[in-house]
$ cat my_file-v6.tsv   # TSV, C-alpha atoms
chain	number	residue	atom	x	y	z
A	1	MET	CA	1.00	-37.33	-0.20
A	2	THR	CA	4.27	-37.03	1.70
A	3	PRO	CA	5.06	-33.84	3.68
A	4	THR	CA	7.82	-33.03	1.16
A	5	ALA	CA	5.45	-33.43	-1.79
A	6	ALA	CA	2.78	-31.36	-0.02
A	7	LYS	CA	5.30	-28.61	0.66
A	8	ALA	CA	6.46	-28.63	-2.97
A	9	ARG	CA	2.84	-28.43	-4.13
A	10	GLU	CA	2.17	-25.44	-1.86
A	11	GLN	CA	5.30	-23.73	-3.16
A	12	ARG	CA	4.12	-24.23	-6.76
A	13	LYS	CA	0.71	-22.81	-5.89
A	14	THR	CA	2.28	-19.80	-4.19
A	15	ALA	CA	4.57	-19.22	-7.18
A	16	ARG	CA	1.65	-19.45	-9.61
A	17	ARG	CA	-0.47	-17.06	-7.52
A	18	GLU	CA	2.43	-14.59	-7.48
A	19	ALA	CA	2.98	-14.99	-11.25
A	20	ILE	CA	-0.70	-14.26	-11.92
A	21	LEU	CA	-0.63	-11.22	-9.66
A	22	THR	CA	2.56	-9.90	-11.30
A	23	ALA	CA	0.97	-10.43	-14.72
A	24	ALA	CA	-2.12	-8.56	-13.54
A	25	GLN	CA	0.07	-5.68	-12.42
A	26	ASP	CA	1.68	-5.54	-15.86
A	27	VAL	CA	-1.64	-5.75	-17.73
A	28	PHE	CA	-3.36	-3.16	-15.51
A	29	ALA	CA	-0.36	-0.85	-15.99
A	30	ARG	CA	-0.71	-1.10	-19.79
A	31	LYS	CA	-4.49	-1.30	-20.21
A	32	GLY	CA	-5.98	0.08	-17.01
A	33	PHE	CA	-8.47	-1.78	-14.87
A	34	ASP	CA	-11.39	-1.33	-17.26
A	35	GLY	CA	-9.38	-2.27	-20.36
A	36	ALA	CA	-7.83	-5.39	-18.89
A	37	THR	CA	-9.45	-8.81	-19.14
A	38	ILE	CA	-8.85	-12.05	-17.29
A	39	ALA	CA	-7.80	-13.53	-20.66
A	40	ASP	CA	-5.13	-10.81	-21.00
A	41	ILE	CA	-3.85	-11.55	-17.52
A	42	ALA	CA	-3.86	-15.31	-18.10
A	43	HIS	CA	-1.93	-14.86	-21.36
A	44	ALA	CA	0.66	-12.65	-19.64
A	45	ALA	CA	1.03	-15.21	-16.84
A	46	GLY	CA	1.31	-18.12	-19.29
A	47	VAL	CA	-1.71	-19.95	-17.88
A	48	ALA	CA	-5.25	-20.72	-18.99
A	49	SER	CA	-8.01	-18.27	-18.06
A	50	GLY	CA	-9.60	-20.92	-15.87
A	51	THR	CA	-6.39	-21.16	-13.88
A	52	VAL	CA	-6.65	-17.49	-12.93
A	53	TYR	CA	-10.07	-18.17	-11.43
A	54	LEU	CA	-8.61	-20.92	-9.26
A	55	TYR	CA	-6.60	-18.23	-7.47
A	56	TYR	CA	-8.69	-15.06	-7.85
A	57	GLU	CA	-12.46	-14.98	-8.22
A	58	SER	CA	-12.55	-11.85	-10.36
A	59	LYS	CA	-10.68	-8.88	-11.74
A	60	ILE	CA	-11.76	-7.02	-8.60
A	61	ASP	CA	-10.03	-9.64	-6.46
A	62	LEU	CA	-6.84	-9.21	-8.49
A	63	PHE	CA	-7.00	-5.45	-8.10
A	64	ALA	CA	-7.66	-5.79	-4.37
A	65	ALA	CA	-4.60	-8.06	-4.10
A	66	LEU	CA	-2.48	-5.43	-5.89
A	67	ASN	CA	-3.81	-2.78	-3.51
A	68	GLU	CA	-2.81	-5.03	-0.63
A	69	ARG	CA	0.61	-5.57	-2.20
A	70	LEU	CA	1.20	-1.81	-2.40
A	71	TRP	CA	0.20	-1.22	1.20
A	72	GLU	CA	2.32	-4.13	2.41
A	73	VAL	CA	5.26	-2.39	0.73
A	74	VAL	CA	4.38	0.97	2.30
A	75	THR	CA	3.58	-0.29	5.79
A	76	GLY	CA	6.59	-2.59	5.71
A	77	ALA	CA	8.81	0.38	4.88
A	78	MET	CA	7.31	2.36	7.74
A	79	ARG	CA	7.65	-0.55	10.17
A	80	ASP	CA	11.23	-1.37	9.16
A	81	ALA	CA	12.47	2.22	9.17
A	82	ASP	CA	15.35	2.87	11.55
A	83	ALA	CA	13.25	5.41	13.43
A	84	PRO	CA	14.52	7.20	16.54
A	85	PRO	CA	12.06	7.43	19.44
A	86	ASP	CA	11.45	11.19	19.28
A	87	VAL	CA	8.44	12.46	17.32
A	88	ARG	CA	10.39	14.52	14.77
A	89	GLY	CA	13.15	11.96	14.15
A	90	GLY	CA	10.73	9.05	14.07
A	91	THR	CA	8.38	10.84	11.69
A	92	GLU	CA	11.21	11.91	9.37
A	93	ALA	CA	12.61	8.37	9.20
A	94	ARG	CA	9.23	6.76	8.55
A	95	ILE	CA	8.13	9.30	5.93
A	96	HIS	CA	11.46	8.96	4.14
A	97	ALA	CA	11.11	5.16	4.13
A	98	VAL	CA	7.56	5.37	2.76
A	99	PHE	CA	8.53	7.77	-0.04
A	100	ALA	CA	11.53	5.61	-0.96
A	101	ALA	CA	9.31	2.51	-1.13
A	102	ALA	CA	6.75	4.38	-3.25
A	103	ASN	CA	9.52	5.54	-5.58
A	104	ARG	CA	10.71	1.95	-6.06
A	105	ASN	CA	7.13	0.81	-6.80
A	106	ARG	CA	5.86	3.63	-9.00
A	107	ASP	CA	4.00	1.37	-11.45
A	108	LEU	CA	2.11	-0.30	-8.63
A	109	LEU	CA	1.37	3.08	-7.04
A	110	ARG	CA	0.05	4.40	-10.35
A	111	ILE	CA	-2.21	1.38	-10.85
A	112	VAL	CA	-3.74	1.59	-7.39
A	113	PHE	CA	-4.12	5.38	-7.35
A	114	LEU	CA	-5.41	5.93	-10.89
A	115	ASN	CA	-7.72	3.02	-11.63
A	116	PRO	CA	-10.55	2.73	-9.12
A	117	ASP	CA	-13.79	4.62	-9.65
A	118	PRO	CA	-14.92	5.78	-6.17
A	119	ARG	CA	-18.43	4.42	-6.82
A	120	THR	CA	-17.30	0.87	-7.45
A	121	GLU	CA	-16.84	-2.26	-5.38
A	122	VAL	CA	-13.08	-1.89	-5.92
A	123	ALA	CA	-13.03	1.47	-4.13
A	124	ARG	CA	-15.30	0.20	-1.33
A	125	ARG	CA	-12.98	-2.75	-0.72
A	126	MET	CA	-9.92	-0.51	-0.78
A	127	ASN	CA	-11.53	1.83	1.75
A	128	HIS	CA	-12.37	-1.08	4.04
A	129	ALA	CA	-8.75	-2.31	3.81
A	130	ASP	CA	-7.50	1.20	4.59
A	131	GLN	CA	-9.43	1.16	7.86
A	132	ALA	CA	-7.62	-2.00	8.95
A	133	ARG	CA	-4.27	-0.59	7.84
A	134	VAL	CA	-4.35	2.36	10.23
A	135	GLN	CA	-4.48	0.03	13.26
A	136	PRO	CA	-0.68	-0.30	13.70
A	137	LEU	CA	-0.26	3.48	13.35
A	138	MET	CA	-3.05	4.02	15.86
A	139	GLU	CA	-1.26	1.73	18.33
A	140	LEU	CA	2.02	3.58	17.76
A	141	LEU	CA	0.28	6.89	18.40
A	142	GLN	CA	-1.41	5.53	21.53
A	143	GLY	CA	2.01	4.56	22.84
A	144	GLY	CA	3.21	8.12	22.23
A	145	ILE	CA	0.15	9.55	23.95
A	146	ASP	CA	0.70	7.28	26.95
A	147	ALA	CA	4.37	8.35	27.11
A	148	GLY	CA	3.44	12.03	26.83
A	149	THR	CA	5.38	12.57	23.58
A	150	VAL	CA	2.27	12.81	21.38
A	151	ARG	CA	-0.65	15.20	21.76
A	152	ASP	CA	-3.41	13.71	23.90
A	153	THR	CA	-6.23	13.25	21.42
A	154	ASP	CA	-8.12	10.46	19.67
A	155	PRO	CA	-5.42	8.15	18.20
A	156	ALA	CA	-7.84	6.66	15.66
A	157	MET	CA	-8.64	10.11	14.28
A	158	LEU	CA	-4.95	11.06	14.18
A	159	ALA	CA	-4.05	7.79	12.41
A	160	ARG	CA	-6.75	8.32	9.76
A	161	LEU	CA	-5.66	11.93	9.18
A	162	ILE	CA	-1.99	10.99	8.89
A	163	ASN	CA	-2.82	8.11	6.54
A	164	SER	CA	-4.88	10.44	4.34
A	165	LEU	CA	-2.17	13.10	4.32
A	166	VAL	CA	0.51	10.60	3.28
A	167	VAL	CA	-1.70	9.14	0.53
A	168	ILE	CA	-2.40	12.62	-0.85
A	169	ALA	CA	1.31	13.51	-0.72
A	170	LEU	CA	2.28	10.29	-2.52
A	171	TYR	CA	-0.33	10.97	-5.18
A	172	GLN	CA	0.82	14.57	-5.67
A	173	CYS	CA	4.50	13.64	-5.70
A	174	PHE	CA	4.54	10.48	-7.80
A	175	ILE	CA	1.41	10.82	-9.95
A	176	GLN	CA	0.93	14.57	-10.45
A	177	GLN	CA	4.62	15.57	-10.34
A	178	ASP	CA	6.09	12.31	-11.71
A	179	GLY	CA	8.47	11.92	-8.77
A	180	LYS	CA	9.87	15.44	-8.83
A	181	ASN	CA	10.62	17.34	-5.62
A	182	VAL	CA	10.49	14.23	-3.43
A	183	ASP	CA	12.52	15.92	-0.69
A	184	ALA	CA	10.17	18.91	-0.61
A	185	TYR	CA	7.13	16.64	-0.26
A	186	GLU	CA	8.82	14.61	2.47
A	187	ASP	CA	9.74	17.77	4.37
A	188	ALA	CA	6.24	19.24	4.07
A	189	VAL	CA	4.51	16.03	5.18
A	190	THR	CA	6.93	15.58	8.07
A	191	ALA	CA	6.37	19.16	9.26
A	192	MET	CA	2.58	18.76	9.12
A	193	ILE	CA	2.63	15.46	11.00
A	194	VAL	CA	5.08	16.66	13.64
A	195	GLY	CA	2.95	19.78	14.13
A	196	ALA	CA	-0.16	17.64	14.55
A	197	LEU	CA	1.50	15.22	16.97
A	198	SER	CA	3.54	17.53	19.18
A	199	PRO	CA	1.99	18.19	22.58
A	200	ALA	CA	0.64	21.74	22.88
$ encode --input "my_file-v6.tsv" --output "structure tokens"
Amino acid sequence: MTPTAAKAREQRKTARREAILTAAQDVFARKGFDGATIADIAHAAGVASGTVYLYYESKIDLFAALNERLWEVVTGAMRDADAPPDVRGGTEARIHAVFAAANRNRDLLRIVFLNPDPRTEVARRMNHADQARVQPLMELLQGGIDAGTVRDTDPAMLARLINSLVVIALYQCFIQQDGKNVDAYEDAVTAMIVGALSPA
């Protein structure tokens, strides 16, 4: 196989994987995790059920990939925010970017937040992924601690607390309140985080 043909084949595989994942997002949004089947997802993607299994081993793998997709959106928004170096300005910019990304991806947010049962393998895998996700925030906090702009405390603990606070705020704002009072939620979360981070 020539390099051009190999590249084209990889592009087709990537496109098919993405189409299956997008179909899964649509089916989970309509039927929920428990109500959805691989056959439903295959039909929505326009492929055979066996094709889905070539890319994802199970419905749990599809859900885990959607969870990863959501957090790539959220962490990408936080990373790409035009954040000033001070704690308040940086926090405000990052929180605003995260809420804006969540607002643009409400269906995905709803799927990830509303479907997993905390006793299931889905929830265990999501929790494990969450632990890895706080690493960049922990490193950012450590940099602030080293510079003296962030309270000198355990950066891993701070990162986990901030992550949990933001997840709860997103849930309250976009699931419980259906996207109402976004500014109030952003302001409250920013104030809590700045208070937690500011040196005593």
$ residues_around --input "my_file-v6.tsv" --residues "Gly144 (chain A)" --least-positions-apart "3" --cutoff "10 Å" --atoms "all atoms listed in the file" --output "PyMOL selection string"
chain A and resi 85-87+138-141+147-152+155+197-198
$ axis_aligned_box --input "my_file-v6.tsv" --around "region 179-186 of chain A" --padding-each-side "8 Å" --output "JSON"
{"center_x": 9.8, "center_y": 15.4, "center_z": -3.2, "size_x": 21.4, "size_y": 23.0, "size_z": 27.3}
$ residues_around --input "my_file-v6.tsv" --residues "Arg160 (chain A)" --least-positions-apart "5" --cutoff "12 Å" --atoms "all atoms listed in the file" --output "ChimeraX atom specification"
/A:127,130-138,141,154-155,165-167,193
$ residues_around --input "my_file-v6.tsv" --residues "region 20-26 of chain A" --least-positions-apart "4" --cutoff "12 Å" --atoms "all atoms listed in the file" --output "ChimeraX atom specification"
/A:13-16,30-33,35-56,58-70,105-112,115
$ atom_distance --input "my_file-v6.tsv" --atom1 "CA of Gln177 (chain A)" --atom2 "CA of Val98 (chain A)"
16.9 Å
$ atom_distance --input "my_file-v6.tsv" --atom1 "CA of Trp71 (chain A)" --atom2 "CA of Ala191 (chain A)"
22.8 Å
$ atom_distance --input "my_file-v6.tsv" --atom1 "CA of Thr190 (chain A)" --atom2 "CA of Phe99 (chain A)"
11.4 Å
$ residues_near_point --input "my_file-v6.tsv" --point "(7.7, 5.2, 7.5)" --cutoff "7 Å" --atoms "all atoms listed in the file" --output "PyMOL selection string"
chain A and resi 77-79+81+93-98
$ write_last_selection --input "my_file-v6.tsv" --atoms "C-alpha atoms" --output "compact mmCIF listing (two decimals), in the frame of the given file"
# COMPACT_ATOMS: atom_id res chain seq x y z
CA ALA A 77 8.81 0.38 4.88
CA MET A 78 7.31 2.36 7.74
CA ARG A 79 7.65 -0.55 10.17
CA ALA A 81 12.47 2.22 9.17
CA ALA A 93 12.61 8.37 9.20
CA ARG A 94 9.23 6.76 8.55
CA ILE A 95 8.13 9.30 5.93
CA HIS A 96 11.46 8.96 4.14
CA ALA A 97 11.11 5.16 4.13
CA VAL A 98 7.56 5.37 2.76
$ closest_residue --input "my_file-v6.tsv" --among "A:Pro3, A:Asn163, A:Thr153, A:Gly179" --to "Thr75 (chain A)" --atoms "all atoms listed in the file"
A:Asn163
$ residues_around --input "my_file-v6.tsv" --residues "Asn181 (chain A)" --least-positions-apart "4" --cutoff "12 Å" --atoms "all atoms listed in the file" --output "VMD selection string"
chain A and resid 99 103 169 to 170 172 to 174 176 to 177 185 to 188
$ write_last_selection --input "my_file-v6.tsv" --atoms "C-alpha atoms" --output "short mmCIF file (atom, residue, chain, number, x, y, z; two decimals), in the frame of the given file"
data_model
loop_
_atom_site.label_atom_id
_atom_site.label_comp_id
_atom_site.auth_asym_id
_atom_site.auth_seq_id
_atom_site.Cartn_x
_atom_site.Cartn_y
_atom_site.Cartn_z
CA PHE A 99 8.53 7.77 -0.04
CA ASN A 103 9.52 5.54 -5.58
CA ALA A 169 1.31 13.51 -0.72
CA LEU A 170 2.28 10.29 -2.52
CA GLN A 172 0.82 14.57 -5.67
CA CYS A 173 4.50 13.64 -5.70
CA PHE A 174 4.54 10.48 -7.80
CA GLN A 176 0.93 14.57 -10.45
CA GLN A 177 4.62 15.57 -10.34
CA TYR A 185 7.13 16.64 -0.26
CA GLU A 186 8.82 14.61 2.47
CA ASP A 187 9.74 17.77 4.37
CA ALA A 188 6.24 19.24 4.07
#
$ decode --input "my_file-v6.tsv" --residues "region 75-191 of chain A" --atoms "C-alpha atoms" --output "PDB file, in the first residue's frame"
ATOM      1  CA  THR A  75     -10.287  21.550  29.065  1.00  0.00           C
ATOM      2  CA  GLY A  76      -9.578  22.931  25.601  1.00  0.00           C
ATOM      3  CA  ALA A  77     -11.712  25.969  26.406  1.00  0.00           C
ATOM      4  CA  MET A  78      -9.858  26.468  29.678  1.00  0.00           C
ATOM      5  CA  ARG A  79      -6.459  26.032  28.022  1.00  0.00           C
ATOM      6  CA  ASP A  80      -7.244  28.340  25.104  1.00  0.00           C
ATOM      7  CA  ALA A  81      -8.817  31.099  27.188  1.00  0.00           C
ATOM      8  CA  ASP A  82      -7.118  34.460  26.868  1.00  0.00           C
ATOM      9  CA  ALA A  83      -6.348  34.458  30.578  1.00  0.00           C
ATOM     10  CA  PRO A  84      -4.365  37.233  32.255  1.00  0.00           C
ATOM     11  CA  PRO A  85      -1.681  36.099  34.721  1.00  0.00           C
ATOM     12  CA  ASP A  86      -3.369  37.348  37.906  1.00  0.00           C
ATOM     13  CA  VAL A  87      -5.496  34.908  39.904  1.00  0.00           C
ATOM     14  CA  ARG A  88      -8.787  36.813  39.610  1.00  0.00           C
ATOM     15  CA  GLY A  89      -8.439  37.712  35.922  1.00  0.00           C
ATOM     16  CA  GLY A  90      -7.148  34.280  34.976  1.00  0.00           C
ATOM     17  CA  THR A  91      -9.907  32.517  36.897  1.00  0.00           C
ATOM     18  CA  GLU A  92     -12.636  34.738  35.418  1.00  0.00           C
ATOM     19  CA  ALA A  93     -11.388  34.162  31.861  1.00  0.00           C
ATOM     20  CA  ARG A  94     -11.093  30.392  32.274  1.00  0.00           C
ATOM     21  CA  ILE A  95     -14.463  29.974  33.999  1.00  0.00           C
ATOM     22  CA  HIS A  96     -16.150  32.085  31.328  1.00  0.00           C
ATOM     23  CA  ALA A  97     -14.533  29.966  28.584  1.00  0.00           C
ATOM     24  CA  VAL A  98     -15.653  26.726  30.268  1.00  0.00           C
ATOM     25  CA  PHE A  99     -19.251  27.910  30.684  1.00  0.00           C
ATOM     26  CA  ALA A 100     -19.358  29.121  27.077  1.00  0.00           C
ATOM     27  CA  ALA A 101     -18.075  25.733  25.855  1.00  0.00           C
ATOM     28  CA  ALA A 102     -20.623  23.912  28.020  1.00  0.00           C
ATOM     29  CA  ASN A 103     -23.392  26.129  26.645  1.00  0.00           C
ATOM     30  CA  ARG A 104     -22.390  25.258  23.066  1.00  0.00           C
ATOM     31  CA  ASN A 105     -22.364  21.533  23.923  1.00  0.00           C
ATOM     32  CA  ARG A 106     -25.462  21.209  26.098  1.00  0.00           C
ATOM     33  CA  ASP A 107     -26.622  17.898  24.584  1.00  0.00           C
ATOM     34  CA  LEU A 108     -23.252  16.311  25.243  1.00  0.00           C
ATOM     35  CA  LEU A 109     -23.179  17.759  28.766  1.00  0.00           C
ATOM     36  CA  ARG A 110     -26.655  16.368  29.449  1.00  0.00           C
ATOM     37  CA  ILE A 111     -25.703  12.897  28.201  1.00  0.00           C
ATOM     38  CA  VAL A 112     -22.563  12.690  30.319  1.00  0.00           C
ATOM     39  CA  PHE A 113     -24.094  14.194  33.461  1.00  0.00           C
ATOM     40  CA  LEU A 114     -27.450  12.402  33.456  1.00  0.00           C
ATOM     41  CA  ASN A 115     -26.759   8.881  32.247  1.00  0.00           C
ATOM     42  CA  PRO A 116     -24.191   7.078  34.387  1.00  0.00           C
ATOM     43  CA  ASP A 117     -25.268   5.142  37.461  1.00  0.00           C
ATOM     44  CA  PRO A 118     -22.531   5.720  40.094  1.00  0.00           C
ATOM     45  CA  ARG A 119     -22.335   1.970  40.768  1.00  0.00           C
ATOM     46  CA  THR A 120     -21.487   1.035  37.200  1.00  0.00           C
ATOM     47  CA  GLU A 121     -18.327   0.489  35.200  1.00  0.00           C
ATOM     48  CA  VAL A 122     -19.203   3.656  33.245  1.00  0.00           C
ATOM     49  CA  ALA A 123     -18.988   5.796  36.381  1.00  0.00           C
ATOM     50  CA  ARG A 124     -15.786   4.079  37.543  1.00  0.00           C
ATOM     51  CA  ARG A 125     -14.136   4.768  34.197  1.00  0.00           C
ATOM     52  CA  MET A 126     -15.315   8.379  34.222  1.00  0.00           C
ATOM     53  CA  ASN A 127     -13.913   8.856  37.717  1.00  0.00           C
ATOM     54  CA  HIS A 128     -10.560   7.406  36.670  1.00  0.00           C
ATOM     55  CA  ALA A 129     -10.471   9.761  33.657  1.00  0.00           C
ATOM     56  CA  ASP A 130     -11.320  12.706  35.924  1.00  0.00           C
ATOM     57  CA  GLN A 131      -8.225  11.981  38.003  1.00  0.00           C
ATOM     58  CA  ALA A 132      -6.021  12.279  34.918  1.00  0.00           C
ATOM     59  CA  ARG A 133      -7.819  15.439  33.809  1.00  0.00           C
ATOM     60  CA  VAL A 134      -6.894  17.450  36.885  1.00  0.00           C
ATOM     61  CA  GLN A 135      -3.160  17.067  36.141  1.00  0.00           C
ATOM     62  CA  PRO A 136      -2.859  20.203  33.934  1.00  0.00           C
ATOM     63  CA  LEU A 137      -4.788  22.257  36.501  1.00  0.00           C
ATOM     64  CA  MET A 138      -2.571  20.895  39.255  1.00  0.00           C
ATOM     65  CA  GLU A 139       0.517  21.968  37.299  1.00  0.00           C
ATOM     66  CA  LEU A 140      -0.972  25.431  36.737  1.00  0.00           C
ATOM     67  CA  LEU A 141      -1.678  25.745  40.454  1.00  0.00           C
ATOM     68  CA  GLN A 142       1.825  24.555  41.343  1.00  0.00           C
ATOM     69  CA  GLY A 143       3.219  27.304  39.127  1.00  0.00           C
ATOM     70  CA  GLY A 144       1.095  29.844  41.015  1.00  0.00           C
ATOM     71  CA  ILE A 145       2.235  28.451  44.356  1.00  0.00           C
ATOM     72  CA  ASP A 146       5.872  28.661  43.262  1.00  0.00           C
ATOM     73  CA  ALA A 147       5.344  32.269  42.119  1.00  0.00           C
ATOM     74  CA  GLY A 148       3.604  33.183  45.382  1.00  0.00           C
ATOM     75  CA  THR A 149       0.311  34.154  43.688  1.00  0.00           C
ATOM     76  CA  VAL A 150      -1.584  31.066  44.875  1.00  0.00           C
ATOM     77  CA  ARG A 151      -2.071  29.883  48.446  1.00  0.00           C
ATOM     78  CA  ASP A 152       0.665  27.469  49.512  1.00  0.00           C
ATOM     79  CA  THR A 153      -1.219  24.214  49.904  1.00  0.00           C
ATOM     80  CA  ASP A 154      -1.515  20.816  48.233  1.00  0.00           C
ATOM     81  CA  PRO A 155      -2.037  21.550  44.498  1.00  0.00           C
ATOM     82  CA  ALA A 156      -3.571  18.107  43.865  1.00  0.00           C
ATOM     83  CA  MET A 157      -6.217  18.711  46.524  1.00  0.00           C
ATOM     84  CA  LEU A 158      -6.928  22.214  45.193  1.00  0.00           C
ATOM     85  CA  ALA A 159      -7.216  20.905  41.619  1.00  0.00           C
ATOM     86  CA  ARG A 160      -9.675  18.176  42.657  1.00  0.00           C
ATOM     87  CA  LEU A 161     -11.778  20.646  44.659  1.00  0.00           C
ATOM     88  CA  ILE A 162     -11.871  23.175  41.813  1.00  0.00           C
ATOM     89  CA  ASN A 163     -12.739  20.444  39.300  1.00  0.00           C
ATOM     90  CA  SER A 164     -15.586  19.240  41.526  1.00  0.00           C
ATOM     91  CA  LEU A 165     -16.885  22.764  42.078  1.00  0.00           C
ATOM     92  CA  VAL A 166     -16.939  23.507  38.343  1.00  0.00           C
ATOM     93  CA  VAL A 167     -18.686  20.199  37.553  1.00  0.00           C
ATOM     94  CA  ILE A 168     -21.354  20.903  40.183  1.00  0.00           C
ATOM     95  CA  ALA A 169     -21.836  24.453  38.870  1.00  0.00           C
ATOM     96  CA  LEU A 170     -22.175  23.223  35.272  1.00  0.00           C
ATOM     97  CA  TYR A 171     -24.705  20.632  36.386  1.00  0.00           C
ATOM     98  CA  GLN A 172     -26.728  23.175  38.366  1.00  0.00           C
ATOM     99  CA  CYS A 173     -26.594  25.794  35.616  1.00  0.00           C
ATOM    100  CA  PHE A 174     -27.174  23.721  32.485  1.00  0.00           C
ATOM    101  CA  ILE A 175     -29.073  20.688  33.778  1.00  0.00           C
ATOM    102  CA  GLN A 176     -31.072  21.942  36.775  1.00  0.00           C
ATOM    103  CA  GLN A 177     -31.610  25.523  35.551  1.00  0.00           C
ATOM    104  CA  ASP A 178     -31.577  24.807  31.790  1.00  0.00           C
ATOM    105  CA  GLY A 179     -28.897  27.415  31.115  1.00  0.00           C
ATOM    106  CA  LYS A 180     -30.509  30.250  33.042  1.00  0.00           C
ATOM    107  CA  ASN A 181     -28.451  32.679  35.128  1.00  0.00           C
ATOM    108  CA  VAL A 182     -25.147  31.690  33.498  1.00  0.00           C
ATOM    109  CA  ASP A 183     -23.506  34.952  34.560  1.00  0.00           C
ATOM    110  CA  ALA A 184     -24.539  34.444  38.187  1.00  0.00           C
ATOM    111  CA  TYR A 185     -23.091  30.929  38.216  1.00  0.00           C
ATOM    112  CA  GLU A 186     -19.861  32.118  36.603  1.00  0.00           C
ATOM    113  CA  ASP A 187     -19.533  34.931  39.144  1.00  0.00           C
ATOM    114  CA  ALA A 188     -20.200  32.636  42.106  1.00  0.00           C
ATOM    115  CA  VAL A 189     -17.749  29.967  40.942  1.00  0.00           C
ATOM    116  CA  THR A 190     -15.089  32.570  40.179  1.00  0.00           C
ATOM    117  CA  ALA A 191     -15.480  34.151  43.632  1.00  0.00           C
TER     118      ALA A 191
END
